[in-house]
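Next up, upload01.cif (mmCIF, C-alpha atoms):
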data_final
loop_
_atom_site.label_atom_id
_atom_site.label_comp_id
_atom_site.auth_asym_id
_atom_site.auth_seq_id
_atom_site.Cartn_x
_atom_site.Cartn_y
_atom_site.Cartn_z
CA MET P 1 112.10 127.43 98.38
CA TYR P 2 110.04 128.20 95.27
CA PHE P 3 106.96 126.34 93.99
CA ILE P 4 106.81 126.54 90.19
CA PRO P 5 103.77 125.16 88.30
CA LEU P 6 104.80 122.15 86.24
CA GLU P 7 102.77 123.43 83.29
CA GLU P 8 105.09 126.47 83.08
CA ILE P 9 108.26 124.37 82.91
CA LYS P 10 109.43 123.60 79.38
CA GLY P 11 112.35 122.14 77.42
CA LYS P 12 115.42 120.92 79.31
CA SER P 13 113.95 121.96 82.64
CA ARG P 14 110.91 119.74 82.01
CA ASN P 15 113.27 116.86 81.16
CA THR P 16 115.08 117.42 84.46
CA VAL P 17 111.77 117.13 86.33
CA LEU P 18 110.97 113.94 84.43
CA ALA P 19 114.36 112.47 85.32
CA PHE P 20 113.81 113.39 88.99
CA LEU P 21 110.44 111.61 89.05
CA GLN P 22 111.81 108.54 87.29
CA LYS P 23 114.68 108.34 89.78
CA ASN P 24 112.31 108.47 92.76
CA GLU P 25 109.34 106.69 91.22
CA GLN P 26 109.20 103.79 93.66
CA ILE P 27 108.12 106.17 96.45
CA CYS P 28 105.59 108.19 94.42
CA VAL P 29 103.88 105.95 91.84
CA GLN P 30 100.45 107.41 92.57
CA LEU P 31 101.74 110.96 92.08
CA ILE P 32 103.27 110.06 88.73
CA ALA P 33 100.14 108.22 87.59
CA ASN P 34 98.11 111.35 88.39
CA LEU P 35 100.56 113.63 86.57
CA LYS P 36 100.30 111.47 83.46
CA LYS P 37 96.61 112.42 83.37
CA ASN P 38 96.59 116.00 84.65
CA ILE P 39 99.36 118.39 85.74
CA ASN P 40 97.09 121.12 87.08
CA ASN P 41 98.05 122.28 90.58
CA CYS P 42 101.29 120.33 90.43
CA PHE P 43 104.37 122.23 91.57
CA VAL P 44 108.11 121.67 91.27
CA LEU P 45 110.40 122.74 94.11
CA TYR P 46 113.53 124.80 93.44
CA LEU P 47 115.93 126.69 95.67
CA ASP P 48 116.77 129.11 92.85
CA VAL P 49 113.81 130.33 90.80
CA ASP P 50 116.05 131.37 87.88
CA LYS P 51 118.47 128.44 87.74
CA ARG P 52 116.19 125.42 87.47
CA LYS P 53 118.92 122.83 87.38
CA ASP P 54 118.26 120.99 90.64
CA VAL P 55 114.79 119.72 91.48
CA TYR P 56 114.17 119.19 95.21
CA GLY P 57 110.65 117.85 95.09
CA VAL P 58 107.27 117.69 93.40
CA VAL P 59 103.92 118.30 95.11
CA SER P 60 100.39 117.95 93.76
CA ILE P 61 97.95 120.08 95.76
CA LYS P 62 94.39 118.94 95.16
CA SER P 63 91.76 117.33 97.39
CA THR P 64 94.48 114.75 98.01
CA ILE P 65 98.00 116.10 98.44
CA LEU P 66 100.52 113.79 96.79
CA HIS P 67 104.22 114.44 97.14
CA CYS P 68 107.73 113.34 96.25
CA LEU P 69 110.11 114.85 98.81
CA PRO P 70 113.17 112.58 98.98
CA PHE P 71 115.12 115.10 101.08
CA ALA P 72 112.69 114.66 103.98
CA ASN P 73 114.33 113.00 106.98
CA PRO P 74 112.27 112.88 110.19
CA GLN P 75 115.32 111.67 112.13
CA MET P 76 117.04 115.02 111.95
CA GLU P 77 116.26 118.71 111.55
CA THR P 78 117.82 120.48 108.58
CA ALA P 79 117.66 123.97 107.16
CA LEU P 80 116.26 122.57 103.90
CA GLN P 81 113.35 120.92 105.68
CA GLN P 82 112.55 124.04 107.70
CA ASP P 83 112.72 126.06 104.48
CA PHE P 84 110.15 123.71 102.94
CA ILE P 85 107.81 123.95 105.96
CA ASN P 86 107.87 127.75 105.97
CA SER P 87 107.63 128.06 102.18
CA PHE P 88 104.81 125.52 101.85
CA ALA P 89 102.76 127.21 104.58
CA THR P 90 103.17 130.61 102.92
CA PHE P 91 102.50 129.30 99.42
CA PHE P 92 99.44 127.33 100.56
CA SER P 93 97.97 130.32 102.38
CA GLU P 94 98.70 132.94 99.70
CA ASN P 95 97.12 130.80 96.98
CA HIS P 96 94.02 130.08 99.09
CA PHE P 97 94.12 126.33 98.66
CA GLU P 98 91.37 124.42 100.40
CA ILE P 99 92.34 122.14 103.28
CA PRO P 100 92.91 118.70 101.75
CA VAL P 101 90.78 115.66 102.35
CA CYS P 102 93.91 113.52 102.45
CA VAL P 103 97.71 113.64 102.44
CA ASN P 104 99.28 110.59 100.84
CA GLY P 105 103.00 109.80 100.64
CA THR P 106 106.17 108.81 102.43
CA PHE P 107 106.26 109.31 106.18
CA GLY P 108 109.03 111.92 106.07
CA GLY P 109 107.45 114.06 103.38
CA SER P 110 104.02 113.85 105.00
CA GLN P 111 105.47 114.98 108.34
CA LEU P 112 106.83 118.13 106.70
CA ILE P 113 103.44 118.89 105.16
CA PHE P 114 101.72 118.33 108.53
CA GLU P 115 104.10 120.84 110.13
CA ALA P 116 103.33 123.38 107.41
CA LEU P 117 99.56 122.92 107.75
CA LYS P 118 99.89 123.06 111.54
CA ALA P 119 101.20 126.60 111.13
CA LEU P 120 97.84 127.31 109.44
CA ASN P 121 95.98 125.75 112.37
CA GLN P 122 95.11 122.60 110.46
CA SER P 123 95.86 119.08 111.67
CA PRO P 124 94.79 115.64 110.39
CA ALA P 125 91.88 113.93 112.12
CA GLU P 126 93.37 110.49 111.51
CA ILE P 127 96.81 109.24 110.48
CA ASN P 128 97.35 105.68 109.21
CA SER P 129 100.84 104.20 109.13
CA TYR P 130 101.99 101.82 106.41
CA SER P 131 105.09 100.06 105.14
CA LEU P 132 105.91 100.81 101.50
CA MET P 133 107.21 97.61 99.90
CA LYS P 134 108.84 96.64 96.61
CA LEU P 135 109.02 93.23 95.00
CA ASP P 136 112.42 91.53 94.90
CA THR P 137 111.85 90.34 91.35
CA LYS P 138 114.81 87.94 91.22
CA ALA P 139 113.83 86.22 94.46
CA PHE P 140 110.19 86.05 93.37
CA VAL P 141 111.00 84.44 90.04
CA LYS P 142 113.38 81.97 91.66
CA GLN P 143 111.26 80.98 94.66
CA ILE P 144 107.65 81.52 93.65
CA VAL P 145 107.10 81.36 89.91
CA LYS P 146 108.87 78.03 89.47
CA ALA P 147 106.77 76.47 92.21
CA HIS P 148 103.50 78.06 91.10
CA GLN P 149 100.85 75.67 89.86
CA SER P 150 97.20 76.06 88.92
CA LYS P 151 94.72 74.83 91.51
CA LYS P 152 91.74 72.58 91.03
CA ASN P 153 88.33 74.28 91.09
CA LEU P 154 89.95 77.74 91.08
CA SER P 155 90.13 80.14 88.17
CA VAL P 156 91.37 83.71 87.80
CA ILE P 157 89.06 86.19 86.10
CA ARG P 158 90.14 89.45 84.48
CA CYS P 159 87.53 91.98 85.59
CA LYS P 160 86.85 94.49 82.82
CA LYS P 161 83.93 96.77 82.06
CA ASP P 162 82.10 93.93 80.26
CA LEU P 163 82.17 91.67 83.34
CA GLU P 164 79.04 89.54 83.68
CA PRO P 165 76.44 91.16 85.99
CA ALA P 166 76.45 88.19 88.38
CA PHE P 167 80.23 88.45 88.79
CA PHE P 168 80.10 92.24 89.11
CA LYS P 169 77.64 91.94 91.99
CA GLN P 170 80.04 89.64 93.83
CA LEU P 171 83.04 91.80 92.96
CA LEU P 172 81.28 94.88 94.28
CA GLU P 173 80.62 93.07 97.57
CA LEU P 174 84.34 92.25 97.80
CA GLN P 175 85.17 95.89 97.10
CA LYS P 176 82.72 97.09 99.76
CA GLN P 177 84.16 94.78 102.39
CA TYR P 178 87.70 95.77 101.41
CA GLU P 179 86.99 99.50 101.72
CA LEU P 180 85.18 99.10 105.03
CA GLU P 181 87.98 97.00 106.48
CA GLU P 182 91.05 98.69 105.01
CA VAL P 183 90.28 102.09 103.51
CA VAL P 184 87.48 104.13 105.09
CA PRO P 185 88.85 106.09 108.08
CA SER P 186 86.88 106.37 111.30
CA CYS P 187 86.40 110.09 110.69
CA MET P 188 84.47 109.49 107.44
CA GLU P 189 81.39 107.55 106.37
CA PHE P 190 81.30 104.80 103.76
CA ASP P 191 79.47 105.74 100.56
CA GLU P 192 78.31 102.80 98.47
CA ASP P 193 77.75 104.86 95.31
CA SER P 194 81.31 106.19 95.46
CA CYS P 195 82.56 102.66 96.08
CA ARG P 196 80.78 101.43 92.94
CA LEU P 197 82.22 104.28 90.86
CA ARG P 198 85.75 103.56 92.10
CA LEU P 199 85.36 99.91 91.16
CA LEU P 200 84.00 100.71 87.70
CA ASN P 201 86.83 103.16 87.12
CA ALA P 202 89.40 100.55 88.16
CA MET P 203 87.85 97.99 85.82
CA ARG P 204 88.17 100.46 82.93
CA LYS P 205 91.64 101.81 83.61
CA GLN P 206 93.48 99.29 85.79
CA TYR P 207 94.25 95.57 85.80
CA VAL P 208 91.80 93.91 88.20
CA LEU P 209 91.72 90.19 88.94
CA ALA P 210 89.31 88.06 90.95
CA LEU P 211 89.68 84.48 92.15
CA SER P 212 86.67 82.29 91.43
CA ARG P 213 85.91 78.91 92.98
CA LYS P 214 83.47 76.41 91.53
CA GLU P 215 81.06 75.34 94.24
CA TYR P 216 79.44 71.91 94.65
CA ASP P 217 76.31 73.08 92.86
CA GLY P 218 78.36 74.28 89.90
CA ALA P 219 78.03 78.00 90.73
CA GLU P 220 81.06 80.30 90.60
CA LYS P 221 81.90 82.22 93.77
CA LEU P 222 84.38 85.10 93.87
CA ILE P 223 86.47 84.69 97.01
CA ALA P 224 89.36 87.14 96.52
CA LYS P 225 90.42 90.16 94.50
CA ALA P 226 93.58 92.10 93.71
CA GLY P 227 94.71 94.60 91.13
CA THR P 228 96.71 97.66 90.23
CA ASN P 229 95.71 101.13 91.33
CA SER P 230 98.49 103.29 89.86
CA ILE P 231 100.75 102.76 86.86
CA GLY P 232 103.93 104.80 86.59
CA PHE P 233 106.81 104.73 84.12
CA LYS P 234 108.50 101.56 85.35
CA HIS P 235 106.62 100.74 88.55
CA VAL P 236 103.08 99.55 89.20
CA GLN P 237 101.36 100.08 92.54
CA ILE P 238 99.15 97.21 93.68
CA GLY P 239 96.02 97.78 95.72
CA GLY P 240 92.62 96.42 96.63
CA VAL P 241 93.99 93.06 97.78
CA PHE P 242 91.24 91.30 99.70
CA THR P 243 90.05 87.79 100.58
CA LEU P 244 86.68 87.05 102.13
CA PRO P 245 87.15 86.67 105.90
CA GLU P 246 85.66 83.18 105.95
CA GLU P 247 88.08 82.06 103.20
CA ARG P 248 91.30 83.25 104.82
CA GLY P 249 94.02 80.86 105.83
CA ASN P 250 93.75 78.84 102.60
CA HIS P 251 96.48 80.69 100.64
CA PHE P 252 93.98 82.13 98.16
CA GLY P 253 95.55 85.58 98.44
CA PHE P 254 98.99 84.12 97.77
CA TYR P 255 97.71 82.30 94.71
CA LEU P 256 95.93 85.32 93.22
CA MET P 257 98.80 87.69 93.97
CA THR P 258 101.23 85.33 92.26
CA VAL P 259 99.14 85.47 89.09
CA LEU P 260 98.97 89.27 89.28
CA LEU P 261 102.70 89.68 89.91
CA VAL P 262 103.61 87.41 87.01
CA LYS P 263 101.41 89.54 84.75
CA ILE P 264 103.02 92.77 85.94
CA LEU P 265 106.52 91.37 85.40
CA LYS P 266 105.55 90.36 81.86
CA MET P 267 104.64 94.03 81.35
CA LYS P 268 108.28 94.83 82.26
CA ARG P 269 107.14 96.75 85.35
CA ILE P 270 108.20 96.52 89.00
CA PRO P 271 105.43 95.99 91.59
CA VAL P 272 105.21 98.12 94.75
CA LEU P 273 102.50 98.34 97.42
CA PHE P 274 101.85 99.63 100.91
CA VAL P 275 100.41 97.67 103.82
CA LYS P 276 99.11 98.82 107.20
CA LYS P 277 101.70 98.14 109.87
CA GLN P 278 99.13 96.55 112.17
CA ASN P 279 97.89 94.19 109.44
CA GLU P 280 100.18 91.29 110.32
CA PRO P 281 98.50 88.66 108.08
CA ALA P 282 98.88 90.91 105.02
CA SER P 283 102.49 91.70 105.95
CA ARG P 284 103.25 87.97 106.22
CA LEU P 285 101.64 87.42 102.81
CA TYR P 286 103.80 90.06 101.15
CA ASP P 287 106.93 88.81 102.90
CA SER P 288 106.20 85.32 101.55
CA LEU P 289 105.88 86.79 98.04
CA CYS P 290 109.37 88.35 98.30
CA PHE P 291 108.37 91.97 98.93
CA GLU P 292 110.86 94.07 100.86
CA LYS P 293 110.21 97.25 102.83
CA ILE P 294 111.43 100.49 101.25
CA CYS P 295 110.30 103.03 103.83
CA ASP P 296 107.44 104.14 106.07
CA TYR P 297 104.36 105.51 104.36
CA THR P 298 101.47 107.67 105.58
CA ILE P 299 97.88 108.31 104.59
CA ALA P 300 96.27 111.03 106.68
CA TYR P 301 92.70 112.32 106.61
CA PHE P 302 91.43 115.77 107.46
CA ALA P 303 87.87 115.96 108.83
#
Using structure tokens, write down the structure that the file contains.
Amino acid sequence: MYFIPLEEIKGKSRNTVLAFLQKNEQICVQLIANLKKNINNCFVLYLDVDKRKDVYGVVSIKSTILHCLPFANPQMETALQQDFINSFATFFSENHFEIPVCVNGTFGGSQLIFEALKALNQSPAEINSYSLMKLDTKAFVKQIVKAHQSKKNLSVIRCKKDLEPAFFKQLLELQKQYELEEVVPSCMEFDEDSCRLRLLNAMRKQYVLALSRKEYDGAEKLIAKAGTNSIGFKHVQIGGVFTLPEERGNHFGFYLMTVLLVKILKMKRIPVLFVKKQNEPASRLYDSLCFEKICDYTIAYFA
């Protein structure tokens, strides 16, 4: 298997790569969003280096390895998968890539990359398992949108770079709690400055919403947040969904997510997301919003 830099691929061959990514976009929205900004260290997989008709995969090798490897099937061993493992290990070693901080992608593709890195005596310090889910748009529109109503004392705020300082302070606290509860692996330490930068970047480049409740004294309190974290060609990946622990059980997450999903559908995009398998409350929320599981998903961290 050959790894050809995307920046070297032109004309009809580039169009073939684009068609491949569009076909498989629902499993690699983050990869595509990154490629729309920067194609450095992104490689296209071919079996024949001269005849670039069939694309077998796309891999971005940076501090986070992102991949689109639809041929990966952990249920069975195939010559194609073994070819990828051997070729990736050799390519990675010969090009002196640094060991990644993270591998992010479908379970099957990630397993192949783990096997390749294992041959280089590198293994992840922590592996988190998720379900990748996609919105059933017809069911959502039929069951949820028609029944959706605004709620007294609640308002949805679009969080952009000009957000009022008082609201930003509350939003940052939501982001901190979200990252500590859902994102930061046990093998790494939380960094508040990095958290703030990620939030500011999301407010500039993504669609971030917060749910505000008017308190008895007239003050506005942010109690939940949700937004996009990657925007592809036709799909949008949702992330950062969080409700304050003391406010859970009141359907605030359902309400805010409904507003966000309606907005995404108006953009003519299809929402996808991934949820930790052990996070049963979040899984129930997404089931109630008409999300359906596509496949298993993995985020692994290397110490």
Out of P:Gly240, P:Val101, P:Ser283, P:Asp83, which residue has the shortest atom-to-atom distance to Met188 (chain P) when counting all atoms listed in the file?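 Checking each of P:Gly240, P:Val101, P:Ser283, P:Asp83 against Met188 (chain P), counting all atoms listed in the file, the winner is P:Val101.
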Could you spell out the hits of the PyMOL selection byres ((chain P and resi 196) around 12) on the shown file, as an MDAnalysis selection string? chainID P and resid 168:176 179 190:195 197:203
What does the file look like for those residues with C-alpha atoms, as a PDB file, in the coordinates of the input?
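Saved result, selection37.pdb, follows:
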ATOM      1  CA  PHE P 168      80.100  92.240  89.110  1.00  0.00           C
ATOM      2  CA  LYS P 169      77.640  91.940  91.990  1.00  0.00           C
ATOM      3  CA  GLN P 170      80.040  89.640  93.830  1.00  0.00           C
ATOM      4  CA  LEU P 171      83.040  91.800  92.960  1.00  0.00           C
ATOM      5  CA  LEU P 172      81.280  94.880  94.280  1.00  0.00           C
ATOM      6  CA  GLU P 173      80.620  93.070  97.570  1.00  0.00           C
ATOM      7  CA  LEU P 174      84.340  92.250  97.800  1.00  0.00           C
ATOM      8  CA  GLN P 175      85.170  95.890  97.100  1.00  0.00           C
ATOM      9  CA  LYS P 176      82.720  97.090  99.760  1.00  0.00           C
ATOM     10  CA  GLU P 179      86.990  99.500 101.720  1.00  0.00           C
ATOM     11  CA  PHE P 190      81.300 104.800 103.760  1.00  0.00           C
ATOM     12  CA  ASP P 191      79.470 105.740 100.560  1.00  0.00           C
ATOM     13  CA  GLU P 192      78.310 102.800  98.470  1.00  0.00           C
ATOM     14  CA  ASP P 193      77.750 104.860  95.310  1.00  0.00           C
ATOM     15  CA  SER P 194      81.310 106.190  95.460  1.00  0.00           C
ATOM     16  CA  CYS P 195      82.560 102.660  96.080  1.00  0.00           C
ATOM     17  CA  LEU P 197      82.220 104.280  90.860  1.00  0.00           C
ATOM     18  CA  ARG P 198      85.750 103.560  92.100  1.00  0.00           C
ATOM     19  CA  LEU P 199      85.360  99.910  91.160  1.00  0.00           C
ATOM     20  CA  LEU P 200      84.000 100.710  87.700  1.00  0.00           C
ATOM     21  CA  ASN P 201      86.830 103.160  87.120  1.00  0.00           C
ATOM     22  CA  ALA P 202      89.400 100.550  88.160  1.00  0.00           C
ATOM     23  CA  MET P 203      87.850  97.990  85.820  1.00  0.00           C
TER      24      MET P 203
END
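Residue nearest Ala89 (chain P), chosen from P:Phe20, P:Phe302, P:Tyr2, P:Tyr297 and counting all atoms listed in the file: P:Tyr2.
Residue nearest Pro271 (chain P) within the list P:Gln177, P:Ser230, P:Ser155, P:Lys134: P:Lys134 [criterion: smallest interatomic distance, all atoms listed in the file].
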Tell me which protein, DNA and RNA residues are within 10 Å of Ile32 (chain P), counting only C-alpha atoms, leaving out same-chain ones fewer than 5 positions away, and put them as a ChimeraX atom specification. /P:18,21-22,25-27,37-39,58,60,66-68,230-233,235
Kindly indicate which residue among P:Val141, P:Ile270, P:Ala303, P:Ile85 lies nearest to Glu126 (chain P), using all atoms listed in the file for the distances.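 Comparing P:Val141, P:Ile270, P:Ala303, P:Ile85 against Glu126 (chain P), the winner is P:Ala303.
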List the neighbours of Leu47 (chain P) out to 8 Å using all atoms listed in the file; skip same-chain residues closer than 5 positions along the sequence, and give me the result as a ChimeraX atom specification. /P:1-2,54,56
As an exercise, work out the distance from CA of Ile113 (chain P) to CA of Arg14 (chain P) in Å and give it to one decimal place.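 Taking CA of Ile113 (chain P) as the start and CA of Arg14 (chain P) as the end point, the length is 24.3 Å.
Proximity of P:Ser212, P:Asn73, P:Ser129, P:Asn229 to Thr243 (chain P), computed with only C-alpha atoms, is greatest for P:Ser212.
Put simply, CA of Phe97 (chain P) is 12.4 Å away from CA of Gln122 (chain P).
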Show me, as JSON, the centre and edge lengths in Å to one decimal of the axis-aligned box that covers every listed atom of region 118-133 of chain P with 3 Å on each side.
{"center_x": 99.5, "center_y": 112.5, "center_z": 106.1, "size_x": 21.3, "size_y": 35.7, "size_z": 18.5}
Completion step: region 28-39 of chain P with all heavy atoms as a tab-separated table (two decimals), in the frame of the given file:
chain	number	residue	atom	x	y	z
P	28	CYS	N	106.66	107.24	94.79
P	28	CYS	CA	105.59	108.19	94.42
P	28	CYS	C	104.86	107.75	93.15
P	28	CYS	O	104.58	108.58	92.28
P	28	CYS	CB	106.15	109.60	94.26
P	28	CYS	SG	107.43	109.75	92.98
P	29	VAL	N	104.54	106.46	93.04
P	29	VAL	CA	103.88	105.95	91.84
P	29	VAL	C	102.53	106.63	91.62
P	29	VAL	O	102.17	106.99	90.50
P	29	VAL	CB	103.70	104.42	91.90
P	29	VAL	CG1	103.00	103.91	90.65
P	29	VAL	CG2	105.06	103.73	92.06
P	30	GLN	N	101.78	106.80	92.71
P	30	GLN	CA	100.45	107.41	92.57
P	30	GLN	C	100.55	108.85	92.07
P	30	GLN	O	99.75	109.29	91.24
P	30	GLN	CB	99.70	107.37	93.90
P	30	GLN	CG	98.24	107.81	93.78
P	30	GLN	CD	97.47	107.63	95.06
P	30	GLN	OE1	97.91	106.95	95.98
P	30	GLN	NE2	96.29	108.22	95.14
P	31	LEU	N	101.52	109.59	92.55
P	31	LEU	CA	101.74	110.96	92.08
P	31	LEU	C	102.01	110.96	90.59
P	31	LEU	O	101.41	111.73	89.83
P	31	LEU	CB	102.90	111.59	92.84
P	31	LEU	CG	103.42	112.94	92.30
P	31	LEU	CD1	102.34	114.01	92.40
P	31	LEU	CD2	104.67	113.38	93.05
P	32	ILE	N	102.91	110.10	90.14
P	32	ILE	CA	103.27	110.06	88.73
P	32	ILE	C	102.09	109.65	87.87
P	32	ILE	O	101.83	110.22	86.80
P	32	ILE	CB	104.47	109.12	88.51
P	32	ILE	CG1	105.73	109.74	89.13
P	32	ILE	CG2	104.68	108.82	87.04
P	32	ILE	CD1	106.93	108.84	89.16
P	33	ALA	N	101.32	108.66	88.33
P	33	ALA	CA	100.14	108.22	87.59
P	33	ALA	C	99.15	109.38	87.43
P	33	ALA	O	98.54	109.55	86.36
P	33	ALA	CB	99.48	107.05	88.30
P	34	ASN	N	99.01	110.20	88.47
P	34	ASN	CA	98.11	111.35	88.39
P	34	ASN	C	98.65	112.41	87.44
P	34	ASN	O	97.89	113.03	86.69
P	34	ASN	CB	97.89	111.94	89.78
P	34	ASN	CG	96.81	111.23	90.56
P	34	ASN	OD1	95.68	111.68	90.62
P	34	ASN	ND2	97.16	110.10	91.15
P	35	LEU	N	99.96	112.62	87.46
P	35	LEU	CA	100.56	113.63	86.57
P	35	LEU	C	100.46	113.23	85.11
P	35	LEU	O	100.38	114.09	84.23
P	35	LEU	CB	102.03	113.85	86.95
P	35	LEU	CG	102.31	114.46	88.32
P	35	LEU	CD1	103.80	114.70	88.50
P	35	LEU	CD2	101.54	115.76	88.49
P	36	LYS	N	100.44	111.94	84.83
P	36	LYS	CA	100.30	111.47	83.46
P	36	LYS	C	98.93	111.82	82.90
P	36	LYS	O	98.74	111.90	81.69
P	36	LYS	CB	100.54	109.96	83.39
P	36	LYS	CG	102.00	109.57	83.61
P	36	LYS	CD	102.16	108.09	83.86
P	36	LYS	CE	101.87	107.25	82.66
P	36	LYS	NZ	102.14	105.82	82.91
P	37	LYS	N	97.97	112.07	83.80
P	37	LYS	CA	96.61	112.42	83.37
P	37	LYS	C	96.35	113.91	83.43
P	37	LYS	O	95.65	114.47	82.58
P	37	LYS	CB	95.59	111.67	84.25
P	37	LYS	CG	95.61	110.16	84.10
P	37	LYS	CD	94.56	109.49	84.95
P	37	LYS	CE	94.87	109.58	86.43
P	37	LYS	NZ	93.91	108.80	87.26
P	38	ASN	N	96.91	114.59	84.45
P	38	ASN	CA	96.59	116.00	84.65
P	38	ASN	C	97.67	116.65	85.50
P	38	ASN	O	97.94	116.19	86.61
P	38	ASN	CB	95.23	116.11	85.35
P	38	ASN	CG	94.72	117.54	85.40
P	38	ASN	OD1	95.48	118.50	85.36
P	38	ASN	ND2	93.40	117.68	85.50
P	39	ILE	N	98.28	117.72	85.00
P	39	ILE	CA	99.36	118.39	85.74
P	39	ILE	C	98.89	119.67	86.42
P	39	ILE	O	99.72	120.40	86.97
P	39	ILE	CB	100.57	118.68	84.84
P	39	ILE	CG1	100.20	119.67	83.73
P	39	ILE	CG2	101.15	117.40	84.26
P	39	ILE	CD1	101.40	120.14	82.92
